[in-house]
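Dropping input_16.pdb in here (PDB, C-alpha atoms):
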```pdb
MODEL        1
ATOM      1  CA  MET F  15      15.304 -15.224 -43.873
ATOM      2  CA  ASP F  16      16.123 -15.919 -40.210
ATOM      3  CA  SER F  17      17.856 -19.080 -39.028
ATOM      4  CA  ILE F  18      16.215 -20.776 -36.027
ATOM      5  CA  SER F  19      18.600 -23.713 -36.085
ATOM      6  CA  LYS F  20      21.044 -25.284 -38.531
ATOM      7  CA  GLN F  21      18.218 -26.620 -40.693
ATOM      8  CA  VAL F  22      15.164 -24.531 -39.715
ATOM      9  CA  PHE F  23      14.427 -21.079 -41.160
ATOM     10  CA  ILE F  24      11.592 -18.567 -41.005
ATOM     11  CA  GLU F  25      10.623 -15.547 -43.095
ATOM     12  CA  THR F  26       8.470 -12.714 -41.731
ATOM     13  CA  GLN F  27       8.671 -10.116 -44.507
ATOM     14  CA  TYR F  28       5.522 -11.178 -46.370
ATOM     15  CA  PRO F  29       2.086  -9.828 -45.296
ATOM     16  CA  GLY F  30      -0.105 -11.934 -43.064
ATOM     17  CA  VAL F  31       2.053 -15.017 -42.631
ATOM     18  CA  THR F  32       5.283 -16.305 -41.123
ATOM     19  CA  LEU F  33       6.785 -18.844 -43.502
ATOM     20  CA  GLY F  34       8.874 -21.815 -42.476
ATOM     21  CA  ALA F  35      11.488 -23.896 -44.282
ATOM     22  CA  ILE F  36      13.094 -27.063 -42.940
ATOM     23  CA  SER F  37      16.055 -28.396 -44.912
ATOM     24  CA  LEU F  38      16.340 -32.177 -44.545
ATOM     25  CA  PRO F  39      18.403 -34.899 -46.246
ATOM     26  CA  ARG F  40      15.418 -36.059 -48.297
ATOM     27  CA  GLY F  41      14.339 -32.549 -49.293
ATOM     28  CA  LEU F  42      12.768 -29.251 -48.263
ATOM     29  CA  VAL F  43       9.689 -29.014 -46.070
ATOM     30  CA  GLN F  44       7.908 -25.670 -46.484
ATOM     31  CA  ILE F  45       5.357 -24.299 -44.044
ATOM     32  CA  ASP F  46       2.648 -22.127 -45.615
ATOM     33  CA  ALA F  47       2.975 -19.713 -48.546
ATOM     34  CA  PRO F  48       2.656 -15.935 -48.990
ATOM     35  CA  PRO F  49      -0.780 -14.862 -50.284
ATOM     36  CA  SER F  50       0.555 -13.030 -53.355
ATOM     37  CA  PRO F  51       1.752 -15.259 -56.231
ATOM     38  CA  GLU F  52       4.505 -12.725 -56.939
ATOM     39  CA  ASP F  53       5.744 -13.018 -53.358
ATOM     40  CA  GLY F  54       5.438 -16.784 -53.661
ATOM     41  CA  ARG F  55       7.799 -16.811 -56.606
ATOM     42  CA  SER F  56      10.212 -14.590 -54.682
ATOM     43  CA  TRP F  57      10.090 -16.938 -51.668
ATOM     44  CA  ARG F  58      10.580 -19.968 -53.885
ATOM     45  CA  ALA F  59      13.675 -18.361 -55.406
ATOM     46  CA  ALA F  60      15.058 -17.611 -51.933
ATOM     47  CA  LEU F  61      14.680 -21.273 -50.988
ATOM     48  CA  MET F  62      16.842 -22.394 -53.911
ATOM     49  CA  GLY F  63      19.945 -21.577 -51.882
ATOM     50  CA  LEU F  64      19.134 -24.034 -49.082
ATOM     51  CA  SER F  65      20.952 -27.341 -49.050
ATOM     52  CA  GLY F  66      19.199 -30.670 -48.686
ATOM     53  CA  GLY F  67      17.639 -33.387 -50.802
ATOM     54  CA  PRO F  68      15.736 -32.850 -54.061
ATOM     55  CA  GLU F  69      12.153 -33.411 -52.885
ATOM     56  CA  ARG F  70       9.755 -30.606 -51.946
ATOM     57  CA  ILE F  71       6.581 -30.619 -49.882
ATOM     58  CA  LEU F  72       4.437 -27.891 -48.310
ATOM     59  CA  ILE F  73       2.439 -28.035 -45.077
ATOM     60  CA  ASN F  74      -0.572 -25.761 -44.554
ATOM     61  CA  LEU F  75      -1.165 -25.051 -40.868
ATOM     62  CA  ASP F  76      -4.854 -24.355 -41.591
ATOM     63  CA  ALA F  77      -7.130 -23.248 -44.449
ATOM     64  CA  HIS F  78      -6.897 -19.461 -43.988
ATOM     65  CA  PRO F  79      -6.469 -17.641 -47.341
ATOM     66  CA  ASP F  80      -3.516 -15.640 -45.980
ATOM     67  CA  ARG F  81      -1.466 -18.855 -45.960
ATOM     68  CA  THR F  82      -3.123 -20.888 -48.718
ATOM     69  CA  LEU F  83      -3.771 -18.455 -51.589
ATOM     70  CA  GLY F  84      -0.186 -18.522 -52.841
ATOM     71  CA  VAL F  85       0.416 -22.262 -52.631
ATOM     72  CA  ARG F  86       0.220 -22.794 -56.406
ATOM     73  CA  ALA F  87       3.358 -20.666 -56.896
ATOM     74  CA  MET F  88       5.311 -23.095 -54.690
ATOM     75  CA  ASP F  89       4.722 -25.952 -57.181
ATOM     76  CA  CYS F  90       4.834 -28.927 -54.822
ATOM     77  CA  SER F  91       2.589 -31.417 -53.033
ATOM     78  CA  VAL F  92       0.615 -30.205 -50.018
ATOM     79  CA  ILE F  93      -0.134 -31.761 -46.626
ATOM     80  CA  ALA F  94      -2.886 -30.512 -44.298
ATOM     81  CA  HIS F  95      -5.434 -31.695 -41.773
ATOM     82  CA  GLU F  96      -8.495 -33.538 -43.076
ATOM     83  CA  GLU F  97     -10.735 -30.661 -41.903
ATOM     84  CA  THR F  98      -8.673 -28.297 -44.056
ATOM     85  CA  ALA F  99      -8.953 -30.677 -46.997
ATOM     86  CA  GLU F 100     -12.735 -30.722 -46.510
ATOM     87  CA  ILE F 101     -12.864 -26.926 -46.694
ATOM     88  CA  PHE F 102     -11.042 -27.058 -50.027
ATOM     89  CA  ARG F 103     -13.474 -29.652 -51.315
ATOM     90  CA  ASN F 104     -16.294 -27.197 -50.646
ATOM     91  CA  ARG F 105     -14.538 -24.173 -52.191
ATOM     92  CA  PRO F 106     -14.872 -23.192 -55.861
ATOM     93  CA  SER F 107     -11.792 -24.259 -57.791
ATOM     94  CA  THR F 108     -10.864 -20.615 -58.466
ATOM     95  CA  PHE F 109     -10.566 -17.871 -55.869
ATOM     96  CA  LYS F 110     -12.554 -14.730 -56.630
ATOM     97  CA  SER F 111     -11.932 -11.689 -54.476
ATOM     98  CA  GLN F 112     -15.306 -10.530 -53.154
ATOM     99  CA  HIS F 113     -14.067  -8.081 -50.514
ATOM    100  CA  ASN F 114     -15.667  -9.967 -47.651
ATOM    101  CA  GLU F 115     -13.953  -7.602 -45.204
ATOM    102  CA  THR F 116     -12.948 -10.296 -42.755
ATOM    103  CA  GLY F 117      -9.942  -8.318 -41.561
ATOM    104  CA  ALA F 118      -7.513 -10.675 -43.284
ATOM    105  CA  ASN F 119      -4.244  -9.391 -44.695
ATOM    106  CA  TRP F 120      -4.893 -10.639 -48.238
ATOM    107  CA  GLU F 121      -7.713  -8.097 -48.525
ATOM    108  CA  ASP F 122      -5.156  -5.284 -48.693
ATOM    109  CA  ILE F 123      -3.259  -6.894 -51.589
ATOM    110  CA  PRO F 124      -4.497  -5.794 -55.033
ATOM    111  CA  GLY F 125      -5.047  -8.204 -57.894
ATOM    112  CA  LEU F 126      -5.736 -11.384 -55.939
ATOM    113  CA  THR F 127      -8.479 -12.887 -58.072
ATOM    114  CA  GLY F 128      -8.700 -15.757 -60.527
ATOM    115  CA  ILE F 129      -6.144 -17.779 -58.537
ATOM    116  CA  ARG F 130      -6.668 -21.528 -58.615
ATOM    117  CA  TRP F 131      -6.659 -23.140 -55.192
ATOM    118  CA  VAL F 132      -4.295 -26.029 -54.540
ATOM    119  CA  PRO F 133      -6.068 -28.515 -52.253
ATOM    120  CA  PRO F 134      -4.028 -30.847 -50.053
ATOM    121  CA  GLU F 135      -2.973 -34.082 -51.707
ATOM    122  CA  ILE F 136      -2.197 -35.694 -48.351
ATOM    123  CA  SER F 137      -4.314 -35.280 -45.211
ATOM    124  CA  PHE F 138      -4.546 -36.762 -41.724
ATOM    125  CA  THR F 139      -6.880 -36.591 -38.732
ATOM    126  CA  GLN F 140      -4.827 -36.742 -35.522
ATOM    127  CA  ALA F 141      -1.110 -37.010 -36.248
ATOM    128  CA  MET F 142       1.417 -37.737 -38.968
ATOM    129  CA  THR F 143       5.177 -38.279 -39.017
ATOM    130  CA  LEU F 144       7.591 -37.333 -41.796
ATOM    131  CA  GLU F 145      10.785 -39.397 -41.811
ATOM    132  CA  TRP F 146      12.912 -37.168 -44.037
ATOM    133  CA  GLY F 147      16.008 -37.053 -41.871
ATOM    134  CA  GLU F 148      17.679 -38.537 -38.808
ATOM    135  CA  SER F 149      14.969 -37.160 -36.502
ATOM    136  CA  PRO F 150      11.205 -37.228 -37.184
ATOM    137  CA  LEU F 151       9.060 -34.261 -38.096
ATOM    138  CA  LEU F 152       5.692 -34.440 -36.322
ATOM    139  CA  LEU F 153       2.397 -33.016 -37.563
ATOM    140  CA  GLU F 154      -0.358 -32.888 -34.950
ATOM    141  CA  SER F 155      -3.959 -31.708 -34.823
ATOM    142  CA  HIS F 156      -4.446 -28.847 -32.340
ATOM    143  CA  PRO F 157      -7.867 -27.307 -32.960
ATOM    144  CA  GLY F 158      -8.988 -23.971 -31.592
ATOM    145  CA  PRO F 159      -8.249 -21.269 -34.149
ATOM    146  CA  SER F 160     -10.025 -23.615 -36.580
ATOM    147  CA  ALA F 161     -11.011 -27.269 -36.635
ATOM    148  CA  GLY F 162      -8.180 -28.041 -39.069
ATOM    149  CA  ALA F 163      -5.403 -26.187 -37.229
ATOM    150  CA  ILE F 164      -2.180 -28.176 -36.843
ATOM    151  CA  TRP F 165       1.307 -27.806 -35.382
ATOM    152  CA  VAL F 166       4.602 -28.816 -36.954
ATOM    153  CA  ILE F 167       6.932 -30.108 -34.251
ATOM    154  CA  LEU F 168      10.662 -30.813 -34.330
ATOM    155  CA  PRO F 169      11.183 -32.648 -31.019
ATOM    156  CA  GLU F 170      14.954 -33.003 -31.319
ATOM    157  CA  GLU F 171      15.500 -29.305 -32.068
ATOM    158  CA  LYS F 172      12.672 -28.257 -29.682
ATOM    159  CA  ILE F 173      10.952 -26.052 -32.235
ATOM    160  CA  VAL F 174       7.190 -25.884 -32.788
ATOM    161  CA  PHE F 175       5.222 -24.014 -35.467
ATOM    162  CA  VAL F 176       1.792 -23.239 -33.956
ATOM    163  CA  GLY F 177       0.025 -21.272 -36.700
ATOM    164  CA  ASP F 178      -2.689 -18.911 -35.436
ATOM    165  CA  ALA F 179      -2.744 -20.454 -31.944
ATOM    166  CA  VAL F 180      -0.637 -17.477 -30.764
ATOM    167  CA  LEU F 181      -0.603 -13.959 -32.218
ATOM    168  CA  LYS F 182       1.372 -10.972 -30.979
ATOM    169  CA  ASN F 183      -0.178  -7.495 -30.684
ATOM    170  CA  GLN F 184      -3.027  -8.215 -33.087
ATOM    171  CA  PRO F 185      -6.531  -9.616 -32.592
ATOM    172  CA  PRO F 186      -7.078 -13.272 -33.429
ATOM    173  CA  PHE F 187      -9.333 -14.577 -36.184
ATOM    174  CA  LEU F 188     -12.485 -15.777 -34.444
ATOM    175  CA  SER F 189     -14.989 -16.607 -37.174
ATOM    176  CA  THR F 190     -13.993 -20.295 -37.433
ATOM    177  CA  ALA F 191     -12.672 -20.628 -33.888
ATOM    178  CA  ASP F 192     -13.657 -22.731 -30.883
ATOM    179  CA  ILE F 193     -12.402 -20.783 -27.864
ATOM    180  CA  PRO F 194     -12.642 -23.581 -25.239
ATOM    181  CA  ALA F 195     -10.688 -25.901 -27.567
ATOM    182  CA  TRP F 196      -8.215 -23.061 -28.235
ATOM    183  CA  LEU F 197      -7.621 -22.554 -24.521
ATOM    184  CA  GLU F 198      -7.037 -26.288 -24.115
ATOM    185  CA  THR F 199      -4.486 -26.158 -26.940
ATOM    186  CA  LEU F 200      -2.680 -23.236 -25.291
ATOM    187  CA  SER F 201      -2.695 -25.047 -21.942
ATOM    188  CA  LEU F 202      -0.698 -27.820 -23.614
ATOM    189  CA  LEU F 203       1.696 -25.272 -25.097
ATOM    190  CA  GLN F 204       2.281 -23.856 -21.597
ATOM    191  CA  SER F 205       2.845 -27.285 -20.069
ATOM    192  CA  ASN F 206       6.124 -29.024 -19.273
ATOM    193  CA  SER F 207       5.856 -30.851 -22.598
ATOM    194  CA  TYR F 208       6.964 -27.660 -24.338
ATOM    195  CA  ASN F 209       9.481 -26.351 -21.842
ATOM    196  CA  ASP F 210      12.464 -24.790 -23.623
ATOM    197  CA  TYR F 211      10.755 -24.979 -27.028
ATOM    198  CA  THR F 212      11.124 -22.169 -29.539
ATOM    199  CA  VAL F 213       7.538 -21.299 -30.450
ATOM    200  CA  ILE F 214       6.883 -19.900 -33.944
ATOM    201  CA  SER F 215       3.630 -18.010 -34.483
ATOM    202  CA  GLY F 216       2.041 -18.329 -37.908
ATOM    203  CA  ARG F 217       2.013 -14.534 -38.243
ATOM    204  CA  ASP F 218       4.571 -13.074 -35.844
ATOM    205  CA  GLY F 219       7.686 -15.248 -35.850
ATOM    206  CA  LYS F 220       9.164 -16.256 -32.498
ATOM    207  CA  VAL F 221       6.907 -15.631 -29.500
ATOM    208  CA  SER F 222       7.747 -15.775 -25.803
ATOM    209  CA  ALA F 223       5.967 -17.380 -22.862
ATOM    210  CA  VAL F 224       4.692 -13.904 -21.927
ATOM    211  CA  ILE F 225       2.983 -13.566 -25.314
ATOM    212  CA  ILE F 226       1.392 -17.012 -24.938
ATOM    213  CA  LYS F 227       0.107 -16.046 -21.491
ATOM    214  CA  SER F 228      -1.329 -12.826 -22.936
ATOM    215  CA  GLN F 229      -3.105 -14.816 -25.654
ATOM    216  CA  VAL F 230      -4.720 -17.008 -23.003
ATOM    217  CA  ALA F 231      -5.892 -13.985 -21.011
ATOM    218  CA  TYR F 232      -7.286 -12.310 -24.115
ATOM    219  CA  LEU F 233      -9.250 -15.358 -25.239
ATOM    220  CA  LYS F 234     -10.697 -15.788 -21.748
ATOM    221  CA  ASP F 235     -11.821 -12.156 -21.842
ATOM    222  CA  VAL F 236     -13.447 -12.614 -25.266
ATOM    223  CA  TYR F 237     -15.199 -15.776 -24.107
ATOM    224  CA  LYS F 238     -16.475 -14.147 -20.914
ATOM    225  CA  ARG F 239     -17.942 -11.211 -22.855
ATOM    226  CA  LEU F 240     -19.633 -13.488 -25.393
ATOM    227  CA  GLU F 241     -21.095 -15.645 -22.617
ATOM    228  CA  LYS F 242     -22.614 -12.535 -21.031
ATOM    229  CA  LEU F 243     -24.233 -11.555 -24.323
ATOM    230  CA  SER F 244     -25.629 -15.062 -24.680
ATOM    231  CA  LYS F 245     -27.148 -15.055 -21.190
ATOM    232  CA  ARG F 246     -28.936 -11.814 -22.083
ATOM    233  CA  LYS F 247     -30.138 -13.507 -25.307
ATOM    234  CA  GLN F 248     -28.636 -10.786 -27.482
ATOM    235  CA  LYS F 249     -28.500 -11.052 -31.265
ATOM    236  CA  PRO F 250     -25.177 -11.368 -33.192
ATOM    237  CA  ASP F 251     -25.208  -7.698 -34.220
ATOM    238  CA  MET F 252     -24.804  -6.740 -30.562
ATOM    239  CA  THR F 253     -21.238  -8.053 -30.617
ATOM    240  CA  GLU F 254     -20.235  -4.711 -32.170
ATOM    241  CA  ALA F 255     -20.298  -3.225 -28.672
ATOM    242  CA  LEU F 256     -17.362  -5.495 -27.773
ATOM    243  CA  ILE F 257     -15.045  -4.294 -30.530
ATOM    244  CA  GLN F 258     -13.537  -1.186 -28.948
ATOM    245  CA  PRO F 259     -12.944  -2.714 -25.480
ATOM    246  CA  LEU F 260     -11.238  -5.704 -27.085
ATOM    247  CA  LEU F 261      -9.284  -3.599 -29.571
ATOM    248  CA  SER F 262      -7.858  -1.451 -26.763
ATOM    249  CA  ASN F 263      -5.625  -4.371 -25.751
ATOM    250  CA  PHE F 264      -3.445  -3.821 -28.836
ATOM    251  CA  ARG F 265      -1.050  -0.963 -29.476
ATOM    252  CA  ALA F 266      -1.472  -1.241 -33.205
ATOM    253  CA  PRO F 267      -0.240   1.397 -35.662
ATOM    254  CA  THR F 268      -2.913   3.781 -36.906
ATOM    255  CA  ALA F 269      -2.660   2.254 -40.383
ATOM    256  CA  LEU F 270      -3.807  -1.113 -38.989
ATOM    257  CA  GLN F 271      -6.650   0.087 -36.778
ATOM    258  CA  ALA F 272      -9.300  -0.221 -39.519
ATOM    259  CA  LEU F 273      -8.091  -3.710 -40.478
ATOM    260  CA  TYR F 274      -8.150  -4.949 -36.885
ATOM    261  CA  THR F 275     -11.533  -3.356 -36.222
ATOM    262  CA  GLN F 276     -12.950  -5.185 -39.236
ATOM    263  CA  ARG F 277     -11.330  -8.430 -38.097
ATOM    264  CA  LEU F 278     -13.010  -8.224 -34.700
ATOM    265  CA  GLN F 279     -16.338  -7.112 -36.147
ATOM    266  CA  TYR F 280     -16.455 -10.033 -38.556
ATOM    267  CA  GLY F 281     -14.990 -12.590 -36.167
ATOM    268  CA  LEU F 282     -17.135 -11.779 -33.120
ATOM    269  CA  LYS F 283     -20.363 -11.682 -35.095
ATOM    270  CA  HIS F 284     -19.747 -14.980 -36.865
ATOM    271  CA  TYR F 285     -18.424 -16.724 -33.746
ATOM    272  CA  TYR F 286     -21.480 -15.665 -31.763
ATOM    273  CA  ALA F 287     -23.849 -16.675 -34.545
ATOM    274  CA  ARG F 288     -22.306 -20.151 -34.813
ATOM    275  CA  HIS F 289     -22.009 -20.930 -31.119
ATOM    276  CA  TYR F 290     -24.859 -19.019 -29.463
ATOM    277  CA  HIS F 291     -27.404 -17.957 -32.062
ATOM    278  CA  PRO F 292     -27.397 -20.541 -34.859
ATOM    279  CA  GLY F 293     -29.809 -20.117 -37.742
ATOM    280  CA  PRO F 294     -30.541 -22.191 -40.853
ATOM    281  CA  GLY F 295     -27.278 -23.263 -42.467
ATOM    282  CA  ASP F 296     -25.091 -22.056 -39.570
ATOM    283  CA  GLU F 297     -24.371 -25.528 -38.190
ATOM    284  CA  GLU F 298     -21.368 -26.065 -40.491
TER
ENDMDL
END
```
Kindly present the structure from the file in structure tokens form.
Amino acid sequence: MDSISKQVFIETQYPGVTLGAISLPRGLVQIDAPPSPEDGRSWRAALMGLSGGPERILINLDAHPDRTLGVRAMDCSVIAHEETAEIFRNRPSTFKSQHNETGANWEDIPGLTGIRWVPPEISFTQAMTLEWGESPLLLESHPGPSAGAIWVILPEEKIVFVGDAVLKNQPPFLSTADIPAWLETLSLLQSNSYNDYTVISGRDGKVSAVIIKSQVAYLKDVYKRLEKLSKRKQKPDMTEALIQPLLSNFRAPTALQALYTQRLQYGLKHYYARHYHPGPGDEE
């Protein structure tokens, strides 16, 4: 566990997610959970050593299974955006691994089936404030990676948890994304409002301004390529031709090449189908 400030901690050892913990006088605020229940129990035990009040609450930065599968092991109430809550309302109560090959990290973890989802008990649409200490903890909607993506902001400490808005040396998840909205979100992150902030990626820990700039450039490249396909009235399957050019931006270990290829294949095809080539049932 790494200390970001006196009361803010992150953990990057679990697959697919950077976890956060904020120790406050009223209690412990947790950000996301590891996908494996076993890892969740390990993380929960590690948090026992943090000081603070007796209450516990968990914030999900979006609905991605990598950060929501293991929530039950954390045994506390959950806060998320209303769009995330809506996704849970439409999910079966129990997760069944179907090997969808979306390029998510949970797909490489054996035994993840039969887990009961824990839907958010508290949700919001635009913003929410937690008054658990001397300074407020802000939750804000910042769509782009998904409609229900949020940030957790500590304005006094100048720390912001941005979820999948910024990733380092790995392709983003595109299937539920809105790239123009994502670029608008990143423009805010690059503005004076977030000067001197420590930015915490939902998968890569602390990220620099250079990494944020690279994310912007990458998304613009993806968007430009998809727009060209659309103008030529290509079908979603034609997005496969974009995979290798877009994958070449990342110096990923050989062991991760197949995972990242699958992530782009799934994400590009589904993004294009939703935004440029909708069919029956694709509107949602």
Box in all listed atoms of region 221-239 of chain F, axis-aligned, with 4 Å more on each side; write out centre and edge lengths in Å to one decimal as AutoDock Vina command-line options.
```
--center_x -5.1 --center_y -14.3 --center_z -25.2 --size_x 33.7 --size_y 14.2 --size_z 16.6
```
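If you measure from each of F:Leu197, F:Ala118, F:Pro29, F:Ile123 to Gln279 (chain F) using all atoms listed in the file, the closest one turns out to be F:Ala118.
Nearest-residue note for Ala231 (chain F): choosing from F:Leu278, F:Leu42, F:Leu260, F:Ala60, the minimum distance belongs to F:Leu260, counting only C-alpha atoms.
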>> Taking (-6.7, -20.2, -42.2) in the coordinates of the supplied file, I want to know which residues reach to within 12 Å of it, counting only C-alpha atoms; could you give the answer as a PyMOL selection string?
In response: chain F and resi 30-31+46-47+49+74-83+94-95+97-99+101-102+116+118-120+157-164+177-179+186-191+216-217
Go ahead and save the picked residues with C-alpha atoms, as an mmCIF file, in the frame of the given file.
```
data_model
loop_
_atom_site.group_PDB
_atom_site.id
_atom_site.type_symbol
_atom_site.label_atom_id
_atom_site.label_comp_id
_atom_site.auth_asym_id
_atom_site.auth_seq_id
_atom_site.Cartn_x
_atom_site.Cartn_y
_atom_site.Cartn_z
ATOM 1 C CA GLY F 30 -0.105 -11.934 -43.064
ATOM 2 C CA VAL F 31 2.053 -15.017 -42.631
ATOM 3 C CA ASP F 46 2.648 -22.127 -45.615
ATOM 4 C CA ALA F 47 2.975 -19.713 -48.546
ATOM 5 C CA PRO F 49 -0.780 -14.862 -50.284
ATOM 6 C CA ASN F 74 -0.572 -25.761 -44.554
ATOM 7 C CA LEU F 75 -1.165 -25.051 -40.868
ATOM 8 C CA ASP F 76 -4.854 -24.355 -41.591
ATOM 9 C CA ALA F 77 -7.130 -23.248 -44.449
ATOM 10 C CA HIS F 78 -6.897 -19.461 -43.988
ATOM 11 C CA PRO F 79 -6.469 -17.641 -47.341
ATOM 12 C CA ASP F 80 -3.516 -15.640 -45.980
ATOM 13 C CA ARG F 81 -1.466 -18.855 -45.960
ATOM 14 C CA THR F 82 -3.123 -20.888 -48.718
ATOM 15 C CA LEU F 83 -3.771 -18.455 -51.589
ATOM 16 C CA ALA F 94 -2.886 -30.512 -44.298
ATOM 17 C CA HIS F 95 -5.434 -31.695 -41.773
ATOM 18 C CA GLU F 97 -10.735 -30.661 -41.903
ATOM 19 C CA THR F 98 -8.673 -28.297 -44.056
ATOM 20 C CA ALA F 99 -8.953 -30.677 -46.997
ATOM 21 C CA ILE F 101 -12.864 -26.926 -46.694
ATOM 22 C CA PHE F 102 -11.042 -27.058 -50.027
ATOM 23 C CA THR F 116 -12.948 -10.296 -42.755
ATOM 24 C CA ALA F 118 -7.513 -10.675 -43.284
ATOM 25 C CA ASN F 119 -4.244 -9.391 -44.695
ATOM 26 C CA TRP F 120 -4.893 -10.639 -48.238
ATOM 27 C CA PRO F 157 -7.867 -27.307 -32.960
ATOM 28 C CA GLY F 158 -8.988 -23.971 -31.592
ATOM 29 C CA PRO F 159 -8.249 -21.269 -34.149
ATOM 30 C CA SER F 160 -10.025 -23.615 -36.580
ATOM 31 C CA ALA F 161 -11.011 -27.269 -36.635
ATOM 32 C CA GLY F 162 -8.180 -28.041 -39.069
ATOM 33 C CA ALA F 163 -5.403 -26.187 -37.229
ATOM 34 C CA ILE F 164 -2.180 -28.176 -36.843
ATOM 35 C CA GLY F 177 0.025 -21.272 -36.700
ATOM 36 C CA ASP F 178 -2.689 -18.911 -35.436
ATOM 37 C CA ALA F 179 -2.744 -20.454 -31.944
ATOM 38 C CA PRO F 186 -7.078 -13.272 -33.429
ATOM 39 C CA PHE F 187 -9.333 -14.577 -36.184
ATOM 40 C CA LEU F 188 -12.485 -15.777 -34.444
ATOM 41 C CA SER F 189 -14.989 -16.607 -37.174
ATOM 42 C CA THR F 190 -13.993 -20.295 -37.433
ATOM 43 C CA ALA F 191 -12.672 -20.628 -33.888
ATOM 44 C CA GLY F 216 2.041 -18.329 -37.908
ATOM 45 C CA ARG F 217 2.013 -14.534 -38.243
#
```
> Exactly which residues make up the result of the PyMOL selection byres ((chain F and resi 235-250) around 9) on this file, given as a list in words?
Replying inline: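 Checking the PyMOL selection byres ((chain F and resi 235-250) around 9) against this file, the residues are Ile193, Pro194, Val230, Ala231, Tyr232, Leu233, Lys234, Asp251, Met252, Thr253, Glu254, Leu256, Leu260, Leu282, Lys283, His284, Tyr285, Tyr286, Ala287, Tyr290 and His291 of chain F.
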>> If the PyMOL selection byres ((chain F and resi 138) around 8) were run on this exact file, what residues would it hold? Put them as a PyMOL selection string.
In response: chain F and resi 94-96+136-137+139-142
>> Using all atoms listed in the file and a cutoff of 10 Å, can you tell me which residues are near (10.8, -25.9, -28.0) in the file's coordinates, and write them out as a PyMOL selection string?
In response: chain F and resi 167-175+203+207-214
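Here CA of Val132 (chain F) stands at a distance of 29.4 Å from CA of Leu270 (chain F).
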>> Which residues would end up in the selection if the PyMOL selection byres ((chain F and resi 35) around 8) were applied here, given that I need the answer as a list in words?
In response: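 Applied to this file, the PyMOL selection byres ((chain F and resi 35) around 8) returns Val22, Phe23, Ile24, Leu33, Gly34, Ile36, Ser37, Leu42, Val43, Gln44, Ile45 and Leu61 of chain F.
Note that CA of Pro185 (chain F) and CA of Ser228 (chain F) are 11.4 Å apart.
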> Could you state the separation of CA of Trp146 (chain F) and CA of Gln27 (chain F) in Å, given to one decimal place?
Replying inline: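 CA of Trp146 (chain F) sits 27.4 Å away from CA of Gln27 (chain F).
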Identify, on the basis of only C-alpha atoms, every residue whose closest approach to Arg55 (chain F) does not exceed 12 Å; exclude the query and any residue fewer than 5 positions from it along the same chain; express the result as a PDB file with C-alpha atoms, in the frame of the given file.
```
ATOM      1  CA  TYR F  28       5.522 -11.178 -46.370  1.00  0.00           C
ATOM      2  CA  ALA F  47       2.975 -19.713 -48.546  1.00  0.00           C
ATOM      3  CA  PRO F  48       2.656 -15.935 -48.990  1.00  0.00           C
ATOM      4  CA  PRO F  49      -0.780 -14.862 -50.284  1.00  0.00           C
ATOM      5  CA  SER F  50       0.555 -13.030 -53.355  1.00  0.00           C
ATOM      6  CA  ALA F  60      15.058 -17.611 -51.933  1.00  0.00           C
ATOM      7  CA  LEU F  61      14.680 -21.273 -50.988  1.00  0.00           C
ATOM      8  CA  MET F  62      16.842 -22.394 -53.911  1.00  0.00           C
ATOM      9  CA  GLY F  84      -0.186 -18.522 -52.841  1.00  0.00           C
ATOM     10  CA  VAL F  85       0.416 -22.262 -52.631  1.00  0.00           C
ATOM     11  CA  ARG F  86       0.220 -22.794 -56.406  1.00  0.00           C
ATOM     12  CA  ALA F  87       3.358 -20.666 -56.896  1.00  0.00           C
ATOM     13  CA  MET F  88       5.311 -23.095 -54.690  1.00  0.00           C
ATOM     14  CA  ASP F  89       4.722 -25.952 -57.181  1.00  0.00           C
TER      15      ASP F  89
END
```
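The closest residue to Gln271 (chain F), picked from F:Ile73, F:Gln184, F:Leu151, F:Gly67 and counting only C-alpha atoms, is F:Gln184.
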